[in-house]
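Some notes on the structure that comes next.
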Protein chains: 2
Amino acid sequence: MADQTKERIIEAASRTLVRRGYHETSMKDIAAEAGVAPGLAHYYFETKEDLLVAAIEHACRPSMDAWEAAGVSLTGPLPEDADPIAFARMGFELAKQELKADPGVFLLTFDMFGVGLHNPKISAAVRAFIDERRAFVARITQGVIAGMAEPPVASTAAIAAAIWASIHGIALQKVMDPEFDADAAFDALSEMAIAFATRPAGRAREEG
Amino acid sequence: MADQTKERIIEAASRTLVRRGYHETSMKDIAAEAGVAPGLAHYYFETKEDLLVAAIEHACRPSMDAWEAAGVSLTGPLPEDADPIAFARMGFELAKQELKADPGVFLLTFDMFGVGLHNPKISAAVRAFIDERRAFVARITQGVIAGMAEPPVASTAAIAAAIWASIHGIALQKVMDPEFDADAAFDALSEMAIAFATRPAGRAREEG
DNA sequence: GAGTTTTGATTGGCTGACCAAACTAGAAGA
DNA sequence: TCTTCTAGTTTGGTCAGCCAATCAAAACTC
C-alpha cells in the first residue's frame, strides 16, 4: 500500500512535470494529480528536487527496458561476438525510436538540465545521468574503433562525447520545435559516423 | 541617459542571470545589481521574459563580433572564393574558442532553453535563436557538400542539424561539468566531419 | 510646465516546507 | 478470539517568505 502510494506520487509527478515543467509545478499540484493530501508528497520526498530525480528515473525505465530487450545493458558489457558497426547503427535507431515514442522523457530530461544549471542537488543528478549514458556510447564507440582500418586521432572518450552531444542536441531541437525532422538528423548523424568508422586506411593525415 | 539606463539594466540582468539563473533571480535582484529602483526594470521591460531575451541578445553580441571579425556574417552569405573545408574547420575552432572565452553565454542560453520548454514567449525566442544559428551552419555545410567527391545521402539541412546538435551538446556537457574536455570533443567532431567531407568517391553505398 | 524618467511602497497571490492530529493495520498480549 | 499497543501512513491546515507587476508621486529634462 505504501509503495503503491509512493509510486502513484512519482507517476503523478512525472505527468505533471512533463505537462507544466518543474518551476510551474507545485507540490500541491502533484499531490492533487496523485489524488492524495498536499502534505503527503513531502512525507515520501524530503524536497521537490528529490521528487524530480525520482520522476526522471521512473520515466527513463521504459527506454531502459527497450535497450535490454534489444540485448544491451546500459551498464553491463557489450556482447563479445556482435558486429560493432551493426551495434552502432542499432544505437542510432533506438535513440530515434525513443524520441518518437515518448518525447516527454526528453522534455523532462532537458527540464532537469535547466534546473541543474543552478541547483547543486539536481546538478549532481544531471552529471550522473550524462556520465552513465556517455559511458554507454563510449563502450559502443570502443568496439567500433577497434575494428577501424586506421584508428582515429581523437580518443574514444572524445568521440563518444561528440556523439552523445549530437543525439541529445537533436532531441533538443525536436522538443523545441515539433516540426523539426529528427529522423533525418539522426540518419545524417548515423551516415557520418558509419562513414567515418568504415573509411579505408592510408589517407593523408592532417588532423590534430 | 535613458538608453544608458536601459543598457545598464540589461547588463545587470545578464550578470545576475548567469550567476543565479532565471528562476532564482528576481526583478528586484536585477534592479539592485543595476543600482536602480525596483520598479524601473518594469518601466523598460514589460515582463521578466522580455528582459531575459534582451539579456541573451546582449550576451551574444561579443561572439557575433568575433565571427564578423573572422570575415563571416551570421546572416549574410559566405564569401564565394573561400575554401569550404577551411571554413568548416574555422567554424569548429571558433565555437571552441567561444565556449572557452565565455561559458556564461552558453549558461544563459541553456537556461533560456529550459525556461522555453514551458513558456510560449521564451519558446518562440528559442526557436528563432536555434533557427538562425542552424541556418548559418547549413550555409557552411552547403559549401562543403558542393565540393564532395560523392554527395551524401542526407540533406544539407539534416547534416547541419546534426552538427549544430553536436556543438551545443558539447557545450552542454562543459557547462554541466567543468572537468569535461570540450576541446577534445570539438576536435573529435571536427575530425569526423572533415573526414566525412573529404572521403573519396565510389564507396559501396548502403545507407538510407 | 509638459513630458519623460525614476522612485519606492504596495498588492494579491502563490510557494515549499512543516506539523499536530487522525487514521490504519498488524503484532503482542490476555 | 478479542483487545490493546505501536509504528507507519495520511491528512489538511498553517506559516513565513518571496514574487511579478502596479501605481501614484517625485525628480529630472528640455
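Ligands are numbered from 1 in the order shown, residues from 1 within each chain, and chains are lettered A, B, ... in the order they appear in the C-alpha cells.
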Contact residues around DA25 of chain D with only C-alpha atoms (C1' of nucleotides) at 12 Å, ignoring same-chain residues under 6 positions, as a list in words: DT6, DT7, DG8 and DA9 of chain C
File dump, residues just selected, N, CA and C atoms (P, O5', C5', C4', C3', O3' and C1' of nucleotides), as a short mmCIF file (atom, residue, chain, number, x, y, z; two decimals), in the first residue's frame:
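Below is the file that was written, part24.cif:
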data_model
loop_
_atom_site.label_atom_id
_atom_site.label_comp_id
_atom_site.auth_asym_id
_atom_site.auth_seq_id
_atom_site.Cartn_x
_atom_site.Cartn_y
_atom_site.Cartn_z
P DT C 6 15.97 56.91 -16.19
"O5'" DT C 6 15.39 56.83 -14.72
"C5'" DT C 6 15.67 57.90 -13.82
"C4'" DT C 6 14.89 57.72 -12.53
"C3'" DT C 6 15.01 56.35 -11.88
"O3'" DT C 6 15.80 56.50 -10.71
"C1'" DT C 6 12.79 57.22 -11.76
P DT C 7 16.05 55.27 -9.73
"O5'" DT C 7 14.91 55.49 -8.65
"C5'" DT C 7 14.81 56.75 -8.00
"C4'" DT C 7 13.55 56.79 -7.16
"C3'" DT C 7 13.43 55.66 -6.13
"O3'" DT C 7 13.60 56.20 -4.84
"C1'" DT C 7 11.35 56.10 -7.26
P DG C 8 14.34 55.32 -3.73
"O5'" DG C 8 13.05 54.65 -3.07
"C5'" DG C 8 12.02 55.49 -2.60
"C4'" DG C 8 10.76 54.69 -2.34
"C3'" DG C 8 10.98 53.32 -1.67
"O3'" DG C 8 9.88 53.08 -0.82
"C1'" DG C 8 9.79 53.00 -3.60
P DA C 9 10.07 52.55 0.62
"O5'" DA C 9 8.55 52.51 1.14
"C5'" DA C 9 7.66 53.54 0.71
"C4'" DA C 9 6.37 52.93 0.20
"C3'" DA C 9 5.91 51.68 0.97
"O3'" DA C 9 4.54 51.86 1.35
"C1'" DA C 9 5.91 51.25 -1.35
#
Could you pull the residues within 10 Å of segment 13-29 of chain C, counting only C-alpha atoms (C1' of nucleotides), minus those fewer than 6 positions along the same chain, as a VMD selection string? (chain A and resid 26 to 28 39 42 46 to 48) or (chain D and resid 3 to 15 17 to 19)
Contacts of segment 180-183 of chain B at 8 Å (only C-alpha atoms (C1' of nucleotides); same-chain gap of 3+ positions) as a VMD selection string: (chain A and resid 158) or (chain B and resid 96 170 to 171 173 to 174 177 186 to 187)
Residues of segment 155-202 of chain A in alpha helix (DSSP H), written as JSON, numbers by chain: {"A": [156, 157, 158, 159, 160, 161, 162, 163, 164, 165, 166, 167, 168, 169, 170, 171, 172, 173, 174, 175, 176, 182, 183, 184, 185, 186, 187, 188, 189, 190, 191, 192, 193, 194, 195, 196, 197]}
Atoms kept (N, CA and C atoms) for selection, written as an mmCIF file, in the first residue's frame:
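What follows is the written file part15.cif:
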data_model
loop_
_atom_site.group_PDB
_atom_site.id
_atom_site.type_symbol
_atom_site.label_atom_id
_atom_site.label_comp_id
_atom_site.auth_asym_id
_atom_site.auth_seq_id
_atom_site.Cartn_x
_atom_site.Cartn_y
_atom_site.Cartn_z
ATOM 1 N N THR A 156 38.612 7.685 -27.703
ATOM 2 C CA THR A 156 37.283 7.096 -27.607
ATOM 3 C C THR A 156 36.342 8.021 -26.833
ATOM 4 N N ALA A 157 36.844 8.523 -25.713
ATOM 5 C CA ALA A 157 36.013 9.381 -24.863
ATOM 6 C C ALA A 157 35.546 10.618 -25.613
ATOM 7 N N ALA A 158 36.453 11.209 -26.386
ATOM 8 C CA ALA A 158 36.113 12.442 -27.102
ATOM 9 C C ALA A 158 35.063 12.170 -28.177
ATOM 10 N N ILE A 159 35.235 11.077 -28.894
ATOM 11 C CA ILE A 159 34.272 10.727 -29.940
ATOM 12 C C ILE A 159 32.909 10.413 -29.315
ATOM 13 N N ALA A 160 32.943 9.661 -28.224
ATOM 14 C CA ALA A 160 31.691 9.327 -27.539
ATOM 15 C C ALA A 160 30.983 10.597 -27.069
ATOM 16 N N ALA A 161 31.758 11.535 -26.565
ATOM 17 C CA ALA A 161 31.173 12.797 -26.100
ATOM 18 C C ALA A 161 30.515 13.536 -27.253
ATOM 19 N N ALA A 162 31.177 13.550 -28.401
ATOM 20 C CA ALA A 162 30.633 14.243 -29.566
ATOM 21 C C ALA A 162 29.350 13.573 -30.042
ATOM 22 N N ILE A 163 29.321 12.261 -29.997
ATOM 23 C CA ILE A 163 28.134 11.539 -30.463
ATOM 24 C C ILE A 163 26.981 11.678 -29.466
ATOM 25 N N TRP A 164 27.299 11.557 -28.204
ATOM 26 C CA TRP A 164 26.262 11.800 -27.185
ATOM 27 C C TRP A 164 25.695 13.197 -27.389
ATOM 28 N N ALA A 165 26.585 14.143 -27.603
ATOM 29 C CA ALA A 165 26.180 15.535 -27.797
ATOM 30 C C ALA A 165 25.193 15.656 -28.941
ATOM 31 N N SER A 166 25.515 15.007 -30.022
ATOM 32 C CA SER A 166 24.668 15.123 -31.205
ATOM 33 C C SER A 166 23.292 14.509 -30.955
ATOM 34 N N ILE A 167 23.276 13.350 -30.350
ATOM 35 C CA ILE A 167 21.992 12.692 -30.072
ATOM 36 C C ILE A 167 21.087 13.602 -29.240
ATOM 37 N N HIS A 168 21.649 14.150 -28.185
ATOM 38 C CA HIS A 168 20.827 14.976 -27.309
ATOM 39 C C HIS A 168 20.539 16.344 -27.930
ATOM 40 N N GLY A 169 21.458 16.828 -28.725
ATOM 41 C CA GLY A 169 21.205 18.086 -29.420
ATOM 42 C C GLY A 169 20.062 17.940 -30.417
ATOM 43 N N ILE A 170 19.998 16.797 -31.053
ATOM 44 C CA ILE A 170 18.892 16.547 -31.986
ATOM 45 C C ILE A 170 17.570 16.479 -31.218
ATOM 46 N N ALA A 171 17.597 15.769 -30.108
ATOM 47 C CA ALA A 171 16.381 15.673 -29.288
ATOM 48 C C ALA A 171 15.940 17.055 -28.818
ATOM 49 N N LEU A 172 16.908 17.873 -28.473
ATOM 50 C CA LEU A 172 16.590 19.233 -28.027
ATOM 51 C C LEU A 172 15.844 20.014 -29.104
ATOM 52 N N GLN A 173 16.352 19.914 -30.313
ATOM 53 C CA GLN A 173 15.706 20.627 -31.416
ATOM 54 C C GLN A 173 14.273 20.125 -31.622
ATOM 55 N N LYS A 174 14.106 18.825 -31.470
ATOM 56 C CA LYS A 174 12.775 18.249 -31.668
ATOM 57 C C LYS A 174 11.814 18.721 -30.581
ATOM 58 N N VAL A 175 12.313 18.725 -29.367
ATOM 59 C CA VAL A 175 11.465 19.128 -28.245
ATOM 60 C C VAL A 175 11.068 20.603 -28.364
ATOM 61 N N MET A 176 11.990 21.396 -28.879
ATOM 62 C CA MET A 176 11.729 22.823 -29.011
ATOM 63 C C MET A 176 10.827 23.134 -30.195
ATOM 64 N N ALA A 182 13.579 15.176 -36.857
ATOM 65 C CA ALA A 182 14.611 14.497 -36.062
ATOM 66 C C ALA A 182 15.099 13.229 -36.749
ATOM 67 N N ASP A 183 14.212 12.532 -37.417
ATOM 68 C CA ASP A 183 14.606 11.301 -38.112
ATOM 69 C C ASP A 183 15.722 11.569 -39.107
ATOM 70 N N ALA A 184 15.530 12.621 -39.907
ATOM 71 C CA ALA A 184 16.537 12.958 -40.911
ATOM 72 C C ALA A 184 17.861 13.301 -40.260
ATOM 73 N N ALA A 185 17.785 14.028 -39.156
ATOM 74 C CA ALA A 185 19.015 14.412 -38.461
ATOM 75 C C ALA A 185 19.727 13.181 -37.903
ATOM 76 N N PHE A 186 18.947 12.262 -37.327
ATOM 77 C CA PHE A 186 19.550 11.023 -36.818
ATOM 78 C C PHE A 186 20.187 10.232 -37.958
ATOM 79 N N ASP A 187 19.505 10.178 -39.092
ATOM 80 C CA ASP A 187 20.057 9.454 -40.234
ATOM 81 C C ASP A 187 21.354 10.095 -40.709
ATOM 82 N N ALA A 188 21.365 11.423 -40.726
ATOM 83 C CA ALA A 188 22.574 12.128 -41.146
ATOM 84 C C ALA A 188 23.723 11.821 -40.192
ATOM 85 N N LEU A 189 23.408 11.869 -38.909
ATOM 86 C CA LEU A 189 24.434 11.559 -37.902
ATOM 87 C C LEU A 189 24.955 10.144 -38.089
ATOM 88 N N SER A 190 24.031 9.228 -38.289
ATOM 89 C CA SER A 190 24.411 7.831 -38.488
ATOM 90 C C SER A 190 25.290 7.683 -39.729
ATOM 91 N N GLU A 191 24.887 8.353 -40.806
ATOM 92 C CA GLU A 191 25.660 8.262 -42.051
ATOM 93 C C GLU A 191 27.096 8.754 -41.833
ATOM 94 N N MET A 192 27.205 9.895 -41.155
ATOM 95 C CA MET A 192 28.543 10.452 -40.922
ATOM 96 C C MET A 192 29.384 9.527 -40.048
ATOM 97 N N ALA A 193 28.776 9.065 -38.986
ATOM 98 C CA ALA A 193 29.533 8.236 -38.032
ATOM 99 C C ALA A 193 29.971 6.927 -38.671
ATOM 100 N N ILE A 194 29.074 6.289 -39.394
ATOM 101 C CA ILE A 194 29.400 4.998 -40.022
ATOM 102 C C ILE A 194 30.439 5.189 -41.117
ATOM 103 N N ALA A 195 30.290 6.256 -41.892
ATOM 104 C CA ALA A 195 31.267 6.525 -42.949
ATOM 105 C C ALA A 195 32.650 6.718 -42.346
ATOM 106 N N PHE A 196 32.672 7.419 -41.229
ATOM 107 C CA PHE A 196 33.945 7.654 -40.555
ATOM 108 C C PHE A 196 34.552 6.341 -40.057
ATOM 109 N N ALA A 197 33.690 5.509 -39.526
ATOM 110 C CA ALA A 197 34.159 4.248 -38.933
ATOM 111 C C ALA A 197 34.616 3.251 -39.990
#
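Across the model, the gap from atom CA of Val137 of chain A to atom CA of Phe87 of chain B is 29.1 Å.
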Near-Ile122 of chain B list (10 Å; only C-alpha atoms (C1' of nucleotides); drop same-chain fewer than 2 positions) as a PDB file with N, CA and C atoms, in the first residue's frame:
ATOM      1  N   GLU B  49      10.312  38.041 -18.820  1.00  0.00           N
ATOM      2  CA  GLU B  49      10.681  37.282 -20.024  1.00  0.00           C
ATOM      3  C   GLU B  49      11.384  38.177 -21.043  1.00  0.00           C
ATOM      4  N   ASP B  50      10.805  39.346 -21.266  1.00  0.00           N
ATOM      5  CA  ASP B  50      11.406  40.270 -22.233  1.00  0.00           C
ATOM      6  C   ASP B  50      12.836  40.613 -21.845  1.00  0.00           C
ATOM      7  N   LEU B  52      14.882  38.742 -20.141  1.00  0.00           N
ATOM      8  CA  LEU B  52      15.741  37.584 -20.400  1.00  0.00           C
ATOM      9  C   LEU B  52      16.180  37.559 -21.857  1.00  0.00           C
ATOM     10  N   VAL B  53      15.215  37.756 -22.743  1.00  0.00           N
ATOM     11  CA  VAL B  53      15.541  37.749 -24.173  1.00  0.00           C
ATOM     12  C   VAL B  53      16.551  38.845 -24.495  1.00  0.00           C
ATOM     13  N   MET B 112      17.794  29.666 -20.904  1.00  0.00           N
ATOM     14  CA  MET B 112      16.689  30.095 -21.768  1.00  0.00           C
ATOM     15  C   MET B 112      15.992  28.883 -22.385  1.00  0.00           C
ATOM     16  N   PHE B 113      16.760  27.902 -22.820  1.00  0.00           N
ATOM     17  CA  PHE B 113      16.163  26.689 -23.366  1.00  0.00           C
ATOM     18  C   PHE B 113      15.243  26.052 -22.327  1.00  0.00           C
ATOM     19  N   GLY B 114      15.749  25.943 -21.123  1.00  0.00           N
ATOM     20  CA  GLY B 114      14.973  25.329 -20.054  1.00  0.00           C
ATOM     21  C   GLY B 114      13.678  26.060 -19.783  1.00  0.00           C
ATOM     22  N   VAL B 115      13.766  27.364 -19.705  1.00  0.00           N
ATOM     23  CA  VAL B 115      12.560  28.158 -19.483  1.00  0.00           C
ATOM     24  C   VAL B 115      11.614  28.003 -20.671  1.00  0.00           C
ATOM     25  N   GLY B 116      12.206  27.993 -21.869  1.00  0.00           N
ATOM     26  CA  GLY B 116      11.411  27.921 -23.086  1.00  0.00           C
ATOM     27  C   GLY B 116      10.618  26.638 -23.239  1.00  0.00           C
ATOM     28  N   LEU B 117      11.011  25.608 -22.512  1.00  0.00           N
ATOM     29  CA  LEU B 117      10.297  24.331 -22.611  1.00  0.00           C
ATOM     30  C   LEU B 117       8.824  24.473 -22.246  1.00  0.00           C
ATOM     31  N   HIS B 118       8.524  25.413 -21.369  1.00  0.00           N
ATOM     32  CA  HIS B 118       7.135  25.529 -20.912  1.00  0.00           C
ATOM     33  C   HIS B 118       6.655  26.974 -20.868  1.00  0.00           C
ATOM     34  N   ASN B 119       7.280  27.817 -21.661  1.00  0.00           N
ATOM     35  CA  ASN B 119       6.919  29.230 -21.685  1.00  0.00           C
ATOM     36  C   ASN B 119       6.854  29.713 -23.133  1.00  0.00           C
ATOM     37  N   PRO B 120       5.655  29.953 -23.634  1.00  0.00           N
ATOM     38  CA  PRO B 120       5.465  30.258 -25.050  1.00  0.00           C
ATOM     39  C   PRO B 120       6.329  31.405 -25.558  1.00  0.00           C
ATOM     40  N   ALA B 124       9.350  30.852 -28.309  1.00  0.00           N
ATOM     41  CA  ALA B 124       9.470  31.485 -29.626  1.00  0.00           C
ATOM     42  C   ALA B 124      10.862  32.058 -29.821  1.00  0.00           C
ATOM     43  N   ALA B 125      11.377  32.690 -28.778  1.00  0.00           N
ATOM     44  CA  ALA B 125      12.729  33.249 -28.865  1.00  0.00           C
ATOM     45  C   ALA B 125      13.755  32.142 -29.067  1.00  0.00           C
ATOM     46  N   VAL B 126      13.552  31.036 -28.384  1.00  0.00           N
ATOM     47  CA  VAL B 126      14.476  29.903 -28.511  1.00  0.00           C
ATOM     48  C   VAL B 126      14.463  29.366 -29.935  1.00  0.00           C
ATOM     49  N   ARG B 127      13.279  29.205 -30.479  1.00  0.00           N
ATOM     50  CA  ARG B 127      13.198  28.684 -31.851  1.00  0.00           C
ATOM     51  C   ARG B 127      13.902  29.614 -32.831  1.00  0.00           C
ATOM     52  N   ALA B 128      13.700  30.901 -32.664  1.00  0.00           N
ATOM     53  CA  ALA B 128      14.374  31.864 -33.543  1.00  0.00           C
ATOM     54  C   ALA B 128      15.887  31.762 -33.381  1.00  0.00           C
TER      55      ALA B 128
END
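Of the residues listed (A:Thr141, A:Ser123, A:Thr25, A:Gln4), A:Ser123 shows the shortest atom-to-atom separation from chain B; distances use only C-alpha atoms.
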I'd like the interatomic distance between atom CA of Phe106 of chain A and atom CA of His58 of chain A, to a tenth of an Å.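 Straight-line distance from atom CA of Phe106 of chain A to atom CA of His58 of chain A works out to 12.7 Å.
Between atom CA of Leu74 of chain A and atom CA of Arg134 of chain A there is a distance of 10.1 Å.
With only C-alpha atoms as the atoms that count, the residue of B:Val18, B:Ile145, B:Ala54, B:Leu99 with the shortest distance to chain A is B:Val18.
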